[in-house]
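Structure record follows, encoded as structure tokens.
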Amino acid sequence: MNAANAPEFDLIVIGGGSGGLAGAFRAAEHGARVALLEPHLLGGTCVNVGCVPKKAMWLAADVAGRLNLARTLGFPVTPAPLDWCEFIVHRERYIANIHASYRRRLDAAGIALLPSHAGFLDPHTVECENGTHLRAERFLIATGGRPVRPAIPGADLGGDSDTFFQWRAAPECVAIVGGGYIAVELAGMLQALGSRVELFVRGDRLLREFDHELADQLAEDYRQAGIHLHFGYDLAAVERDDGGVRLRGMDGSECGRFDALLFATGRRPNSERLALERVGVAIDAQGHVVVDERHTTSVEHIFAVGDITPNPPLTPVAIAAARRLMDRVYGNATALLDPNDIPTVVFSHPPLGQVGLTEADARRVHGDEAVHVYRAGFRPMLYALADVPQHSLFKLVCVGEERRVVGIHLLGEAADEILQGFAVALKRGITLDDLRDTVAIHPTSAEEVVLMR
């Protein structure tokens, strides 16, 4: 089919992950004729090899931890490892229901779903893998990203955050390379599910984008849980060792043997197959599609959202950006996605969440004299009852005479659930006095946020 006879749409969305689906559904609500191109499973990284199965495994690990606490507190619970195959049946059933829901919604919205990759032929035409040409007035690129492994000898002997979800049992001893949120989440999960975990971090601490005090406390919690942390580690090669692997550092040191190895060393945007050079869509050195605050690329009718862009690689960010974009393009809205004060959580054990500025960022932006910091370190009641040495740390970063709260940082049980409401308060300009005027709910961890002095 030549381009002149190609089917015409108002919008073609390339990529059926969270951002692409959100954009397609919102455009269709406004009456646009939409086609969605997705060669793999609907939902992208988040639903299939990211947020959803990750949280399922985190919940399994959390249950395992509570069963251990139950024994300590007097419940006659017999220790038993997780039957991964049984649990995965439930996990995959849950994900299959999400896929089915997406398909029903696409059918109901009249969105054409094509299971194909696509690349641009000209500014208004894309070519599918089977040679079919499709034309549209506008395009939304939402092809996401994928994990990458370091360019070292033996890297193929390790897995990554995608292949982790193919595992059907917890290896006895696991090495994880990386210090970001994926590495930290996998480490806590696997340790709780029975593996012995060693974490190899190039830098001098975990989670460099998070407040250093909370990251340091999490590292101590991990040590107490039995995770061995190697900071300042530069990996040179991976070698086979009696059915497992051994790590060789740049300094010649050897670590191992490990039954399994996972790399959590970054992600790369899926931009190679789009043929963006044919239409002049700019990309940066890492392969991200460059967008402005309106999520417009260097070509005015081509847009991009999600991990394909340099924006924060968070599912809710992609969804919010896509919905606002389509409301502007096909509706009467003018609102842009506010890139400031976006809350985020690392599903570590315990979880770590933040919204707003870290202490270091606040001092850089506002100056040392304007910044006021408040902390609450404690053991949650359950862990104190069981005499487990896991500590929580909550922290407020405030600025100015009015003590306006510009950063909320929570490490501890239920931090993920607690943060959402306080994120709304921070967004609305809450002050320290506002928090102190709020009566605490006792006994809870959340009360520490309103009791800080």
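Labeling convention for the structure tokens: chains A, B, ... as they appear, residues from 1 per chain, ligands from 1 in order of appearance.
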Practice task
Pull the strand (DSSP E or B) assignments for region 382-437 of chain A out of DSSP run on the backbone, and list those residues as a PyMOL selection string.
Solution key: chain A and resi 392-399+404-411+431
With C-alpha atoms retained, write the just-selected residues as a compact mmCIF listing (two decimals), in the first residue's frame.
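What follows is the written file again-v9.txt:
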# COMPACT_ATOMS: atom_id res chain seq x y z
CA SER A 392 12.37 4.60 60.16
CA LEU A 393 13.50 8.12 59.42
CA PHE A 394 11.14 10.97 58.49
CA LYS A 395 12.44 14.37 57.46
CA LEU A 396 10.95 17.76 56.64
CA VAL A 397 12.80 20.44 54.70
CA CYS A 398 11.39 23.94 55.22
CA VAL A 399 12.39 27.40 54.00
CA ARG A 404 7.11 26.59 54.18
CA VAL A 405 7.54 22.87 53.59
CA VAL A 406 9.49 22.26 50.37
CA GLY A 407 10.53 18.67 50.96
CA ILE A 408 9.00 15.65 52.68
CA HIS A 409 11.13 12.50 52.95
CA LEU A 410 9.85 9.29 54.52
CA LEU A 411 11.65 6.01 55.10
CA THR A 431 3.86 25.31 56.40
Exercise for the section: Find the spatial neighbours of Glu220 (chain A), counting only C-alpha atoms, within a cut-off of 9 Å - ignore same-chain residues fewer than 4 positions away - and output them as a ChimeraX atom specification. Expected result: /A:215-216,224-225,390-391
Taking N, CA and C atoms for each residue, export the selection above as a tab-separated table (two decimals), in the first residue's frame.
chain	number	residue	atom	x	y	z
A	215	ALA	N	18.79	7.68	52.56
A	215	ALA	CA	19.49	6.63	51.82
A	215	ALA	C	20.49	5.91	52.71
A	216	ASP	N	21.17	6.65	53.58
A	216	ASP	CA	22.13	6.04	54.51
A	216	ASP	C	21.41	5.16	55.53
A	224	GLN	N	21.35	-4.63	58.38
A	224	GLN	CA	20.75	-5.35	59.50
A	224	GLN	C	19.93	-6.55	59.01
A	225	ALA	N	19.37	-6.42	57.79
A	225	ALA	CA	18.58	-7.52	57.23
A	225	ALA	C	19.46	-8.60	56.62
A	390	GLN	N	15.08	-2.57	62.72
A	390	GLN	CA	14.76	-1.78	61.53
A	390	GLN	C	14.25	-0.41	61.97
A	391	HIS	N	14.86	0.64	61.47
A	391	HIS	CA	14.49	1.99	61.88
A	391	HIS	C	13.87	2.78	60.73
Exercise for the section: Considering only C-alpha atoms, return as a PyMOL selection string whatever protein or nucleic-acid residues lie within 7 Å of Thr358 (chain A), sequence-local ones (same chain, fewer than 4 positions apart) excluded. Expected result: chain A and resi 210-211+362+407
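The nearest approach to Leu337 (chain A) among the residues A:Ile14, A:Ala320, A:Leu314, A:Leu121, with only C-alpha atoms taken into account, belongs to A:Ala320.
If you measure from each of A:Val13, A:Met381, A:Ala285, A:Leu59 to Arg138 (chain A) using only C-alpha atoms, the closest one turns out to be A:Val13.
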Write out as a CSV table (one decimal) with C-alpha atoms, in the first residue's frame each polymer residue whose atoms come within 9 Å of Lys427 (chain A), counting only C-alpha atoms; drop sequence neighbours fewer than 2 positions from it.
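Full text of part_23.csv as output:
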chain,number,residue,atom,x,y,z
A,340,ASN,CA,7.9,20.3,40.2
A,341,ASP,CA,7.1,18.4,43.4
A,342,ILE,CA,6.3,15.1,41.8
A,356,GLY,CA,9.9,18.2,46.8
A,406,VAL,CA,9.5,22.3,50.4
A,422,PHE,CA,1.2,14.9,52.4
A,423,ALA,CA,2.3,15.4,48.8
A,424,VAL,CA,-1.0,17.2,48.2
A,425,ALA,CA,-0.4,19.4,51.2
A,429,GLY,CA,2.0,25.4,50.1
A,430,ILE,CA,1.7,23.9,53.6
Dump as JSON lines the rows for residues of region 162-213 of chain A within 10 Å of region 74-96 of chain A: closest atom pair and distance in Å with one decimal, only C-alpha atoms counted, ordered by chain and rising residue number.
{"residue": "A:Phe165", "atom": "CA", "partner": "A:Ile88", "partner_atom": "CA", "distance": 9.1}
{"residue": "A:Gln166", "atom": "CA", "partner": "A:Ile88", "partner_atom": "CA", "distance": 9.5}
{"residue": "A:Trp167", "atom": "CA", "partner": "A:Trp84", "partner_atom": "CA", "distance": 8.3}
{"residue": "A:Arg168", "atom": "CA", "partner": "A:Trp84", "partner_atom": "CA", "distance": 5.4}
{"residue": "A:Ala169", "atom": "CA", "partner": "A:Trp84", "partner_atom": "CA", "distance": 5.5}
{"residue": "A:Ala170", "atom": "CA", "partner": "A:Trp84", "partner_atom": "CA", "distance": 7.9}
{"residue": "A:Leu193", "atom": "CA", "partner": "A:Leu82", "partner_atom": "CA", "distance": 6.9}
{"residue": "A:Gly194", "atom": "CA", "partner": "A:Pro81", "partner_atom": "CA", "distance": 7.0}
